[in-house]
$ cat input-v1.cif   # mmCIF, C-alpha atoms and all ligand atoms
data_input
loop_
_atom_site.group_PDB
_atom_site.id
_atom_site.type_symbol
_atom_site.label_atom_id
_atom_site.label_comp_id
_atom_site.auth_asym_id
_atom_site.auth_seq_id
_atom_site.Cartn_x
_atom_site.Cartn_y
_atom_site.Cartn_z
ATOM 1 C CA MET K 1 90.931 -29.672 -18.514
ATOM 2 C CA SER K 2 87.943 -31.459 -16.978
ATOM 3 C CA GLN K 3 88.272 -35.078 -15.877
ATOM 4 C CA PHE K 4 85.000 -35.780 -17.767
ATOM 5 C CA THR K 5 84.494 -35.456 -21.511
ATOM 6 C CA PRO K 6 80.856 -35.353 -22.663
ATOM 7 C CA ASP K 7 79.699 -38.082 -25.046
ATOM 8 C CA ALA K 8 80.691 -37.340 -28.638
ATOM 9 C CA ASP K 9 77.037 -36.910 -29.667
ATOM 10 C CA TRP K 10 76.050 -34.921 -26.562
ATOM 11 C CA LEU K 11 74.030 -31.800 -27.314
ATOM 12 C CA HIS K 12 74.817 -28.853 -25.072
ATOM 13 C CA PHE K 13 71.855 -26.878 -23.697
ATOM 14 C CA HIS K 14 70.642 -23.915 -25.762
ATOM 15 C CA SER K 15 73.035 -21.006 -25.268
ATOM 16 C CA ALA K 16 70.529 -18.198 -25.927
ATOM 17 C CA PRO K 17 66.894 -19.273 -25.476
ATOM 18 C CA SER K 18 64.317 -16.770 -26.653
ATOM 19 C CA LYS K 19 62.262 -14.696 -24.248
ATOM 20 C CA PRO K 20 58.881 -16.458 -24.128
ATOM 21 C CA THR K 21 55.844 -14.672 -25.523
ATOM 22 C CA TYR K 22 53.762 -16.312 -22.805
ATOM 23 C CA ILE K 23 54.384 -14.662 -19.427
ATOM 24 C CA PRO K 24 53.997 -17.150 -16.561
ATOM 25 C CA PRO K 25 52.090 -15.988 -13.465
ATOM 26 C CA ILE K 26 54.306 -14.554 -10.716
ATOM 27 C CA GLY K 27 55.536 -17.403 -8.564
ATOM 28 C CA ALA K 28 55.618 -20.036 -11.318
ATOM 29 C CA VAL K 29 57.551 -23.254 -10.654
ATOM 30 C CA ASP K 30 59.678 -25.154 -13.172
ATOM 31 C CA ALA K 31 59.006 -28.564 -11.609
ATOM 32 C CA HIS K 32 61.335 -30.749 -13.670
ATOM 33 C CA CYS K 33 64.938 -29.760 -14.314
ATOM 34 C CA HIS K 34 68.377 -31.067 -13.480
ATOM 35 C CA VAL K 35 71.846 -29.897 -12.476
ATOM 36 C CA PHE K 36 74.882 -31.771 -13.837
ATOM 37 C CA GLY K 37 78.164 -31.352 -12.012
ATOM 38 C CA PRO K 38 80.338 -29.487 -12.546
ATOM 39 C CA GLY K 39 81.958 -32.897 -12.924
ATOM 40 C CA ASP K 40 85.238 -31.808 -11.371
ATOM 41 C CA THR K 41 83.432 -30.796 -8.162
ATOM 42 C CA PHE K 42 80.598 -33.337 -8.205
ATOM 43 C CA PRO K 43 81.845 -36.366 -10.185
ATOM 44 C CA PHE K 44 79.451 -38.314 -12.367
ATOM 45 C CA SER K 45 78.525 -41.863 -11.311
ATOM 46 C CA GLU K 46 80.668 -44.807 -12.374
ATOM 47 C CA LYS K 47 77.444 -46.590 -13.328
ATOM 48 C CA ARG K 48 76.211 -43.771 -15.599
ATOM 49 C CA LYS K 49 74.930 -44.563 -19.085
ATOM 50 C CA TYR K 50 75.934 -41.176 -20.474
ATOM 51 C CA THR K 51 78.405 -38.420 -19.693
ATOM 52 C CA PRO K 52 76.769 -35.006 -20.004
ATOM 53 C CA SER K 53 78.325 -31.601 -20.337
ATOM 54 C CA ASP K 54 78.258 -29.600 -17.107
ATOM 55 C CA ALA K 55 74.979 -27.843 -16.342
ATOM 56 C CA PRO K 56 75.654 -26.027 -13.080
ATOM 57 C CA LYS K 57 73.179 -24.363 -10.749
ATOM 58 C CA GLU K 58 74.140 -20.795 -11.730
ATOM 59 C CA LYS K 59 73.040 -21.489 -15.313
ATOM 60 C CA LEU K 60 69.753 -22.899 -14.044
ATOM 61 C CA TRP K 61 69.042 -19.795 -11.947
ATOM 62 C CA GLY K 62 69.802 -17.638 -14.995
ATOM 63 C CA LEU K 63 67.371 -19.624 -17.127
ATOM 64 C CA ARG K 64 64.699 -19.461 -14.407
ATOM 65 C CA ASP K 65 64.896 -15.664 -14.336
ATOM 66 C CA HIS K 66 65.076 -15.333 -18.113
ATOM 67 C CA LEU K 67 61.949 -17.459 -18.623
ATOM 68 C CA GLY K 68 59.994 -15.579 -15.946
ATOM 69 C CA PHE K 69 59.845 -18.376 -13.385
ATOM 70 C CA THR K 70 60.359 -18.059 -9.627
ATOM 71 C CA ARG K 71 61.194 -21.547 -8.382
ATOM 72 C CA ASN K 72 62.691 -24.871 -9.485
ATOM 73 C CA VAL K 73 62.250 -28.503 -8.587
ATOM 74 C CA ILE K 74 65.567 -30.198 -9.347
ATOM 75 C CA VAL K 75 65.318 -33.900 -10.114
ATOM 76 C CA GLN K 76 68.258 -36.261 -9.644
ATOM 77 C CA ALA K 77 69.301 -37.766 -12.979
ATOM 78 C CA THR K 78 70.951 -41.139 -13.489
ATOM 79 C CA CYS K 79 74.342 -39.675 -14.476
ATOM 80 C CA HIS K 80 74.805 -38.773 -10.784
ATOM 81 C CA GLY K 81 73.450 -42.141 -9.557
ATOM 82 C CA SER K 82 72.554 -42.001 -5.872
ATOM 83 C CA ASP K 83 75.202 -39.371 -5.117
ATOM 84 C CA ASN K 84 72.989 -36.361 -4.455
ATOM 85 C CA ARG K 85 75.782 -33.867 -3.664
ATOM 86 C CA ALA K 86 75.309 -31.687 -6.754
ATOM 87 C CA LEU K 87 71.559 -31.581 -6.060
ATOM 88 C CA VAL K 88 72.020 -30.732 -2.372
ATOM 89 C CA ASP K 89 74.582 -28.050 -3.201
ATOM 90 C CA ALA K 90 72.136 -26.441 -5.618
ATOM 91 C CA LEU K 91 69.294 -26.556 -3.086
ATOM 92 C CA GLN K 92 71.495 -25.041 -0.388
ATOM 93 C CA HIS K 93 72.429 -22.148 -2.677
ATOM 94 C CA SER K 94 68.911 -21.467 -3.962
ATOM 95 C CA ASP K 95 67.674 -19.020 -1.293
ATOM 96 C CA GLY K 96 64.811 -21.429 -0.672
ATOM 97 C CA LYS K 97 63.697 -21.167 -4.287
ATOM 98 C CA ALA K 98 64.471 -24.784 -5.157
ATOM 99 C CA ARG K 99 63.300 -28.138 -3.854
ATOM 100 C CA GLY K 100 64.661 -31.520 -4.852
ATOM 101 C CA VAL K 101 63.845 -35.093 -5.789
ATOM 102 C CA ALA K 102 66.699 -37.439 -4.865
ATOM 103 C CA THR K 103 67.765 -40.952 -5.777
ATOM 104 C CA VAL K 104 68.562 -43.101 -2.742
ATOM 105 C CA GLU K 105 69.623 -46.699 -2.074
ATOM 106 C CA ARG K 106 67.998 -48.881 0.540
ATOM 107 C CA ASP K 107 71.056 -48.670 2.834
ATOM 108 C CA ILE K 108 70.626 -44.917 3.318
ATOM 109 C CA THR K 109 70.490 -44.051 7.022
ATOM 110 C CA ASP K 110 67.744 -42.079 8.736
ATOM 111 C CA ALA K 111 70.257 -39.317 9.474
ATOM 112 C CA GLU K 112 71.110 -39.082 5.767
ATOM 113 C CA LEU K 113 67.421 -38.888 4.871
ATOM 114 C CA ASP K 114 66.997 -36.158 7.481
ATOM 115 C CA ALA K 115 69.897 -34.218 5.941
ATOM 116 C CA LEU K 116 68.321 -34.475 2.472
ATOM 117 C CA HIS K 117 65.025 -33.225 3.888
ATOM 118 C CA GLU K 118 66.797 -30.339 5.616
ATOM 119 C CA ALA K 119 68.378 -29.380 2.271
ATOM 120 C CA GLY K 120 64.957 -29.318 0.594
ATOM 121 C CA VAL K 121 64.421 -32.803 -0.829
ATOM 122 C CA ARG K 122 60.749 -33.784 -0.861
ATOM 123 C CA GLY K 123 60.692 -36.892 -3.049
ATOM 124 C CA VAL K 124 62.605 -39.904 -4.368
ATOM 125 C CA ARG K 125 62.891 -40.859 -8.013
ATOM 126 C CA PHE K 126 62.767 -44.387 -9.408
ATOM 127 C CA ASN K 127 63.828 -44.946 -12.952
ATOM 128 C CA PHE K 128 62.299 -47.786 -14.956
ATOM 129 C CA VAL K 129 63.741 -46.687 -18.301
ATOM 130 C CA LYS K 130 65.932 -49.645 -19.206
ATOM 131 C CA ARG K 131 68.481 -47.715 -21.243
ATOM 132 C CA LEU K 132 69.246 -45.589 -18.152
ATOM 133 C CA VAL K 133 69.667 -48.167 -15.371
ATOM 134 C CA ASP K 134 71.270 -51.589 -14.831
ATOM 135 C CA SER K 135 68.411 -53.040 -12.812
ATOM 136 C CA LEU K 136 64.869 -52.037 -12.049
ATOM 137 C CA PRO K 137 64.243 -50.967 -8.467
ATOM 138 C CA PHE K 138 61.438 -53.366 -7.473
ATOM 139 C CA ASP K 139 63.002 -54.700 -4.261
ATOM 140 C CA SER K 140 64.112 -51.449 -2.791
ATOM 141 C CA LEU K 141 61.293 -49.213 -3.963
ATOM 142 C CA THR K 142 58.569 -50.362 -1.599
ATOM 143 C CA GLU K 143 60.927 -50.335 1.358
ATOM 144 C CA ILE K 144 62.240 -46.855 0.569
ATOM 145 C CA ALA K 145 58.716 -45.601 -0.130
ATOM 146 C CA GLU K 146 57.578 -46.602 3.346
ATOM 147 C CA ARG K 147 60.515 -44.835 4.974
ATOM 148 C CA THR K 148 60.207 -41.644 2.966
ATOM 149 C CA LYS K 149 56.429 -41.557 3.326
ATOM 150 C CA ALA K 150 56.957 -40.914 7.024
ATOM 151 C CA ARG K 151 58.710 -37.663 6.032
ATOM 152 C CA GLY K 152 55.846 -36.550 3.795
ATOM 153 C CA TRP K 153 57.813 -37.282 0.624
ATOM 154 C CA HIS K 154 56.380 -38.578 -2.636
ATOM 155 C CA ILE K 155 57.741 -40.877 -5.340
ATOM 156 C CA VAL K 156 58.615 -39.835 -8.886
ATOM 157 C CA ILE K 157 58.599 -42.624 -11.470
ATOM 158 C CA TYR K 158 60.025 -42.590 -14.976
ATOM 159 C CA PHE K 159 59.004 -45.262 -17.477
ATOM 160 C CA GLU K 160 58.141 -45.741 -21.159
ATOM 161 C CA ALA K 161 54.502 -46.214 -22.237
ATOM 162 C CA THR K 162 55.258 -49.681 -23.610
ATOM 163 C CA GLU K 163 56.187 -50.829 -20.091
ATOM 164 C CA LEU K 164 53.104 -49.535 -18.281
ATOM 165 C CA ALA K 165 50.885 -52.634 -18.624
ATOM 166 C CA GLU K 166 53.552 -54.790 -17.003
ATOM 167 C CA LEU K 167 54.326 -52.294 -14.227
ATOM 168 C CA TYR K 168 50.729 -51.235 -13.560
ATOM 169 C CA ASP K 169 49.913 -53.431 -10.547
ATOM 170 C CA PHE K 170 53.230 -52.661 -8.915
ATOM 171 C CA PHE K 171 52.697 -48.937 -9.339
ATOM 172 C CA ILE K 172 49.168 -48.821 -7.939
ATOM 173 C CA ALA K 173 50.305 -50.587 -4.779
ATOM 174 C CA LEU K 174 52.736 -47.751 -3.939
ATOM 175 C CA PRO K 175 51.813 -46.091 -0.640
ATOM 176 C CA THR K 176 52.385 -42.392 -1.354
ATOM 177 C CA THR K 177 51.646 -39.691 -3.882
ATOM 178 C CA VAL K 178 53.267 -40.843 -7.132
ATOM 179 C CA VAL K 179 54.356 -38.375 -9.821
ATOM 180 C CA VAL K 180 54.824 -39.727 -13.352
ATOM 181 C CA ASP K 181 57.499 -38.118 -15.513
ATOM 182 C CA HIS K 182 56.492 -36.870 -18.960
ATOM 183 C CA MET K 183 52.974 -38.432 -19.016
ATOM 184 C CA GLY K 184 54.528 -41.901 -19.064
ATOM 185 C CA ARG K 185 56.216 -41.103 -22.391
ATOM 186 C CA PRO K 186 53.341 -41.808 -24.813
ATOM 187 C CA ASP K 187 53.922 -42.577 -28.477
ATOM 188 C CA VAL K 188 52.242 -39.459 -29.863
ATOM 189 C CA GLY K 189 52.049 -41.057 -33.294
ATOM 190 C CA ARG K 190 49.189 -43.094 -31.829
ATOM 191 C CA PRO K 191 45.710 -41.678 -31.134
ATOM 192 C CA VAL K 192 45.207 -39.630 -27.993
ATOM 193 C CA ASP K 193 42.151 -41.820 -27.275
ATOM 194 C CA GLY K 194 43.835 -45.065 -28.349
ATOM 195 C CA PRO K 195 44.455 -48.016 -26.005
ATOM 196 C CA GLU K 196 48.009 -47.068 -25.069
ATOM 197 C CA PHE K 197 47.220 -43.579 -23.741
ATOM 198 C CA GLU K 198 43.875 -44.776 -22.320
ATOM 199 C CA LEU K 199 45.824 -47.035 -19.974
ATOM 200 C CA PHE K 200 47.686 -44.026 -18.624
ATOM 201 C CA VAL K 201 44.432 -42.062 -18.283
ATOM 202 C CA LYS K 202 42.930 -45.037 -16.417
ATOM 203 C CA LEU K 203 45.928 -45.055 -14.056
ATOM 204 C CA MET K 204 45.336 -41.379 -13.310
ATOM 205 C CA THR K 205 41.546 -41.697 -13.090
ATOM 206 C CA GLU K 206 41.361 -44.692 -10.792
ATOM 207 C CA ASN K 207 44.282 -43.759 -8.560
ATOM 208 C CA THR K 208 43.898 -40.270 -7.189
ATOM 209 C CA ASN K 209 47.348 -40.418 -5.580
ATOM 210 C CA PHE K 210 48.852 -40.284 -9.107
ATOM 211 C CA TRP K 211 50.086 -37.011 -10.597
ATOM 212 C CA SER K 212 51.617 -36.340 -14.009
ATOM 213 C CA LYS K 213 54.252 -33.990 -15.345
ATOM 214 C CA VAL K 214 53.012 -32.633 -18.656
ATOM 215 C CA SER K 215 56.592 -32.068 -19.707
ATOM 216 C CA CYS K 216 59.025 -32.931 -22.487
ATOM 217 C CA PRO K 217 57.224 -32.224 -25.758
ATOM 218 C CA GLU K 218 60.718 -32.124 -27.277
ATOM 219 C CA ARG K 219 61.310 -35.741 -26.235
ATOM 220 C CA LEU K 220 57.922 -37.052 -27.339
ATOM 221 C CA SER K 221 57.225 -35.114 -30.523
ATOM 222 C CA LEU K 222 57.595 -36.716 -33.938
ATOM 223 C CA GLU K 223 56.880 -33.390 -35.552
ATOM 224 C CA GLY K 224 59.532 -31.410 -33.676
ATOM 225 C CA PRO K 225 60.158 -27.742 -32.930
ATOM 226 C CA PRO K 226 59.111 -25.057 -32.515
ATOM 227 C CA SER K 227 55.477 -25.884 -31.710
ATOM 228 C CA TYR K 228 55.658 -29.639 -31.011
ATOM 229 C CA SER K 229 51.959 -29.568 -31.812
ATOM 230 C CA ASP K 230 51.504 -33.352 -31.961
ATOM 231 C CA VAL K 231 52.153 -33.495 -28.186
ATOM 232 C CA VAL K 232 49.617 -30.794 -27.321
ATOM 233 C CA PRO K 233 46.439 -32.957 -27.414
ATOM 234 C CA PHE K 234 48.024 -35.458 -25.011
ATOM 235 C CA ALA K 235 49.175 -32.848 -22.499
ATOM 236 C CA LYS K 236 45.954 -30.839 -22.797
ATOM 237 C CA ARG K 237 43.857 -33.905 -22.116
ATOM 238 C CA ILE K 238 45.810 -34.627 -18.930
ATOM 239 C CA VAL K 239 45.714 -31.002 -17.724
ATOM 240 C CA GLU K 240 41.974 -30.671 -18.336
ATOM 241 C CA SER K 241 41.115 -34.081 -16.844
ATOM 242 C CA PHE K 242 43.327 -33.796 -13.747
ATOM 243 C CA PRO K 243 43.863 -30.066 -13.161
ATOM 244 C CA ASP K 244 44.851 -30.505 -9.512
ATOM 245 C CA ARG K 245 47.423 -33.237 -10.167
ATOM 246 C CA VAL K 246 49.638 -31.879 -12.938
ATOM 247 C CA LEU K 247 53.071 -30.251 -12.955
ATOM 248 C CA TRP K 248 55.084 -28.575 -15.703
ATOM 249 C CA GLY K 249 58.856 -28.424 -16.206
ATOM 250 C CA THR K 250 61.461 -27.468 -18.773
ATOM 251 C CA ASP K 251 63.594 -30.620 -18.361
ATOM 252 C CA TRP K 252 66.652 -28.356 -18.729
ATOM 253 C CA PRO K 253 69.430 -29.193 -19.657
ATOM 254 C CA HIS K 254 67.581 -31.808 -21.730
ATOM 255 C CA PRO K 255 69.758 -34.912 -21.279
ATOM 256 C CA ASN K 256 70.044 -37.369 -24.152
ATOM 257 C CA MET K 257 68.408 -35.228 -26.785
ATOM 258 C CA LYS K 258 69.969 -36.637 -29.918
ATOM 259 C CA ASN K 259 68.203 -34.851 -32.784
ATOM 260 C CA HIS K 260 67.836 -31.287 -31.635
ATOM 261 C CA MET K 261 68.243 -29.104 -28.572
ATOM 262 C CA PRO K 262 65.030 -27.259 -27.714
ATOM 263 C CA ASN K 263 64.856 -23.524 -27.272
ATOM 264 C CA ASP K 264 63.511 -23.253 -23.703
ATOM 265 C CA GLY K 265 61.586 -20.086 -24.583
ATOM 266 C CA HIS K 266 59.604 -22.080 -27.163
ATOM 267 C CA LEU K 267 58.802 -24.733 -24.552
ATOM 268 C CA VAL K 268 57.284 -22.075 -22.276
ATOM 269 C CA ASP K 269 55.207 -20.801 -25.184
ATOM 270 C CA ILE K 270 53.457 -24.179 -25.368
ATOM 271 C CA ILE K 271 51.964 -23.756 -21.868
ATOM 272 C CA PRO K 272 48.844 -21.767 -22.921
ATOM 273 C CA HIS K 273 48.091 -24.419 -25.541
ATOM 274 C CA ILE K 274 48.052 -27.250 -23.001
ATOM 275 C CA ALA K 275 46.523 -25.174 -20.172
ATOM 276 C CA PRO K 276 44.257 -22.743 -22.040
ATOM 277 C CA THR K 277 42.748 -20.811 -19.108
ATOM 278 C CA THR K 278 44.397 -18.667 -16.441
ATOM 279 C CA GLU K 279 42.807 -20.904 -13.821
ATOM 280 C CA LEU K 280 44.455 -24.022 -15.288
ATOM 281 C CA GLN K 281 47.776 -22.175 -15.602
ATOM 282 C CA GLN K 282 47.593 -21.090 -11.961
ATOM 283 C CA LYS K 283 47.082 -24.706 -10.837
ATOM 284 C CA LEU K 284 49.719 -26.147 -13.167
ATOM 285 C CA LEU K 285 52.462 -23.624 -12.477
ATOM 286 C CA ILE K 286 51.808 -22.524 -8.898
ATOM 287 C CA ASP K 287 49.119 -24.191 -6.774
ATOM 288 C CA ASN K 288 50.049 -27.826 -7.520
ATOM 289 C CA PRO K 289 53.847 -27.593 -7.224
ATOM 290 C CA MET K 290 53.576 -25.362 -4.145
ATOM 291 C CA ARG K 291 51.283 -27.916 -2.465
ATOM 292 C CA LEU K 292 53.668 -30.773 -3.227
ATOM 293 C CA TYR K 293 57.010 -29.073 -2.546
ATOM 294 C CA TRP K 294 56.530 -26.035 -0.327
ATOM 295 C CA SER K 295 53.582 -26.923 1.920
ATOM 296 C CA ALA K 296 53.822 -26.185 5.626
ATOM 297 C CA GLU K 297 52.849 -29.803 6.312
ATOM 298 C CA ASN K 298 56.122 -31.233 5.021
ATOM 299 C CA GLU K 299 58.460 -28.433 6.099
HETATM 300 C C1 LIG W 301 64.737 -36.735 -18.188
HETATM 301 C C2 LIG W 301 65.218 -37.648 -19.173
HETATM 302 C C3 LIG W 301 66.214 -38.530 -19.309
HETATM 303 C C4 LIG W 301 67.238 -38.811 -18.413
HETATM 304 C C5 LIG W 301 67.120 -38.844 -17.103
HETATM 305 O O1 LIG W 301 67.757 -39.622 -15.022
HETATM 306 C C6 LIG W 301 68.108 -39.420 -16.183
HETATM 307 O O2 LIG W 301 69.232 -39.703 -16.584
HETATM 308 O O3 LIG W 301 66.055 -38.365 -16.536
HETATM 309 C C7 LIG W 301 66.190 -39.341 -20.527
HETATM 310 O O4 LIG W 301 67.254 -39.750 -21.013
HETATM 311 O O5 LIG W 301 65.081 -39.618 -21.034
HETATM 312 O O6 LIG W 301 63.783 -37.030 -17.476
HETATM 313 O O7 LIG W 301 65.202 -35.622 -18.100
#

$ encode --input "input-v1.cif" --output "C-alpha cells"
Amino acid sequence: MSQFTPDADWLHFHSAPSKPTYIPPIGAVDAHCHVFGPGDTFPFSEKRKYTPSDAPKEKLWGLRDHLGFTRNVIVQATCHGSDNRALVDALQHSDGKARGVATVERDITDAELDALHEAGVRGVRFNFVKRLVDSLPFDSLTEIAERTKARGWHIVIYFEATELAELYDFFIALPTTVVVDHMGRPDVGRPVDGPEFELFVKLMTENTNFWSKVSCPERLSLEGPPSYSDVVPFAKRIVESFPDRVLWGTDWPHPNMKNHMPNDGHLVDIIPHIAPTTELQQKLLIDNPMRLYWSAENE
C-alpha cells in the first residue's frame, strides 16, 4: 500500500480519453502538463495543499502518443514543492522529448541549477494562487529571475484574474520572458472585452516579453464539457492578437478538478476553435514552444 492516500474528493485522470477528431501537426508540443510521483518513489511535499493520485511519466507518454503530440513541457506543481526529482526523472527518461519548468528556492546552488538545465529545465514557476502556497514569492522571485536569466530560462507565473491589478507593476518589472498560466484565469462569465480581461490584454500588448498559455478551458468554463464554448472567445482573442507568444497544453492530470474530469481528447478538439487557421496552429503548437524550450540558443 502506498504511503500517500489521495484526497477523498480527488478526481483521477480520465482512464480512456477519446481519440481527437482534430489531428495536431507533426511535432506538436503539449506545453503544460505535470507528473505526480509515484509518491512512494518521489514523495509529495510536506507543505502541499493537496495529495494527488500518482500520475507517472509512463502514463504521460502514453497520452502524448494517443493524442497525436510529439513533445511535452512538464511543469512543477505545488504538491512536489521545490523537490524537482519526479520532474527531472521524467525529463531524463523522455528521449529528449520533454523539457521542464521547475520550482526553486533562493538557496539553490549554481551547480544545482546547472544540473536542472542539463536535465532539460528551461524555466522556473512562481505560484501566486493563494490556495496553493503559504506565502507569495516576492522576495525570492527577482533574485532567482536574475540568476536563471543568465541560463536563458524564462519565468512561468500562475495567478487569478482578481489579483492581477495588485501584482501588475511587480510583474512588468521582471527581467525575462514571462509565461502566464491559463490566460491569468479570467472569469469567463464576464465579457471578453470587459475591464477584467482588458487588463490582461493590456499586460500582453504593452509588454512584449509576456506570453500566455491558452490552456485549461475545463478550469475556467462555467458551461462545462465537452465544448467549453464560453472559454473559446477568450482564448481565440489571445491567439489572434499575440500569435507568436502563445502556448497550448492539456494540463494533464488536471489537479484539483472538483466537478468533472475532462476527456483529454475533447480538449484537443477545441484547438481549431481557438486557433482557426493552420498558420496559427503551427505557431501555437510547434513554432512558439520550440523557440522557448528547444532553441539552440539555450541548449
Ligand atoms: C495547474 C493547476 C493547479 C495546480 C497547480 O502547482 C499546482 O499545484 O498548478 C490548480 O490547482 O489550479 O496549473 O495545473

$ atom_distance --input "input-v1.cif" --atom1 "atom O1 of ligand LIG 301 (chain W)" --atom2 "CA of Met290 (chain K)"
22.9 Å

$ resolve_selection --input "input-v1.cif" --expression "the PyMOL selection byres (((not hetatm)) within 10 of (chain W and resi 301))" --output "PyMOL selection string"
chain K and resi 32-34+48-52+75-81+103+125-129+131-133+157-160+181-182+185+215-216+219-220+249-258

$ closest_atom_pairs --input "input-v1.cif" --of "region 123-146 of chain K" --to "region 106-110 of chain K" --cutoff "12 Å" --atoms "only C-alpha atoms" --output "Markdown table"
| residue | atom | partner | partner_atom | distance |
| --- | --- | --- | --- | --- |
| K:Val124 | CA | K:Arg106 | CA | 11.6 |
| K:Pro137 | CA | K:Arg106 | CA | 10.0 |
| K:Phe138 | CA | K:Arg106 | CA | 11.3 |
| K:Asp139 | CA | K:Arg106 | CA | 9.0 |
| K:Ser140 | CA | K:Arg106 | CA | 5.7 |
| K:Leu141 | CA | K:Arg106 | CA | 8.1 |
| K:Thr142 | CA | K:Arg106 | CA | 9.8 |
| K:Glu143 | CA | K:Arg106 | CA | 7.3 |
| K:Ile144 | CA | K:Arg106 | CA | 6.1 |
| K:Ala145 | CA | K:Arg106 | CA | 9.9 |
| K:Glu146 | CA | K:Arg106 | CA | 11.0 |

$ residues_around --input "input-v1.cif" --residues "Ser15 (chain K)" --least-positions-apart "5" --cutoff "12 Å" --atoms "only C-alpha atoms" --output "list in words"
Ala55, Lys59, Leu60, Gly62, Leu63, Trp252, Pro253, Met261, Pro262, Asn263, Asp264 and Gly265 of chain K

$ atom_distance --input "input-v1.cif" --atom1 "CA of Asp114 (chain K)" --atom2 "CA of Arg71 (chain K)"
22.3 Å

$ closest_residue --input "input-v1.cif" --among "K:Asp244, K:Asp9, K:Glu196, K:Asp269" --to "Gln282 (chain K)" --atoms "all atoms listed in the file"
K:Asp244

$ decode --input "input-v1.cif" --residues "region 239-255 of chain K" --atoms "N, CA and C atoms" --output "short mmCIF file (atom, residue, chain, number, x, y, z; two decimals), in the first residue's frame"
data_model
loop_
_atom_site.label_atom_id
_atom_site.label_comp_id
_atom_site.auth_asym_id
_atom_site.auth_seq_id
_atom_site.Cartn_x
_atom_site.Cartn_y
_atom_site.Cartn_z
N VAL K 239 -4.94 34.23 -28.92
CA VAL K 239 -4.18 33.59 -30.02
C VAL K 239 -4.09 34.54 -31.22
N GLU K 240 -5.20 35.18 -31.56
CA GLU K 240 -5.21 36.02 -32.76
C GLU K 240 -4.46 37.35 -32.53
N SER K 241 -4.46 37.82 -31.29
CA SER K 241 -3.78 39.09 -31.01
C SER K 241 -2.27 38.90 -30.83
N PHE K 242 -1.88 37.74 -30.29
CA PHE K 242 -0.46 37.52 -29.96
C PHE K 242 0.00 36.16 -30.50
N PRO K 243 -0.09 35.96 -31.81
CA PRO K 243 0.14 34.61 -32.35
C PRO K 243 1.53 34.05 -32.10
N ASP K 244 2.50 34.94 -31.87
CA ASP K 244 3.88 34.46 -31.67
C ASP K 244 4.24 34.30 -30.19
N ARG K 245 3.24 34.51 -29.31
CA ARG K 245 3.55 34.44 -27.87
C ARG K 245 2.49 33.62 -27.13
N VAL K 246 2.01 32.57 -27.76
CA VAL K 246 1.02 31.71 -27.11
C VAL K 246 1.48 30.25 -27.12
N LEU K 247 1.06 29.53 -26.08
CA LEU K 247 1.36 28.11 -25.94
C LEU K 247 0.06 27.39 -25.59
N TRP K 248 0.02 26.09 -25.89
CA TRP K 248 -1.17 25.30 -25.54
C TRP K 248 -0.73 24.08 -24.75
N GLY K 249 -1.56 23.67 -23.77
CA GLY K 249 -1.26 22.44 -23.03
C GLY K 249 -2.51 21.77 -22.51
N THR K 250 -2.38 20.48 -22.24
CA THR K 250 -3.53 19.72 -21.72
C THR K 250 -3.84 20.01 -20.26
N ASP K 251 -2.77 20.31 -19.47
CA ASP K 251 -2.85 20.39 -18.02
C ASP K 251 -3.06 19.00 -17.38
N TRP K 252 -2.83 17.94 -18.13
CA TRP K 252 -2.91 16.59 -17.53
C TRP K 252 -1.98 16.51 -16.32
N PRO K 253 -2.31 15.87 -15.25
CA PRO K 253 -3.51 15.10 -14.95
C PRO K 253 -4.62 15.91 -14.28
N HIS K 254 -4.63 17.22 -14.55
CA HIS K 254 -5.74 18.09 -14.14
C HIS K 254 -5.94 18.16 -12.62
N PRO K 255 -4.90 18.63 -11.90
CA PRO K 255 -5.01 18.69 -10.44
C PRO K 255 -6.17 19.57 -9.98
#
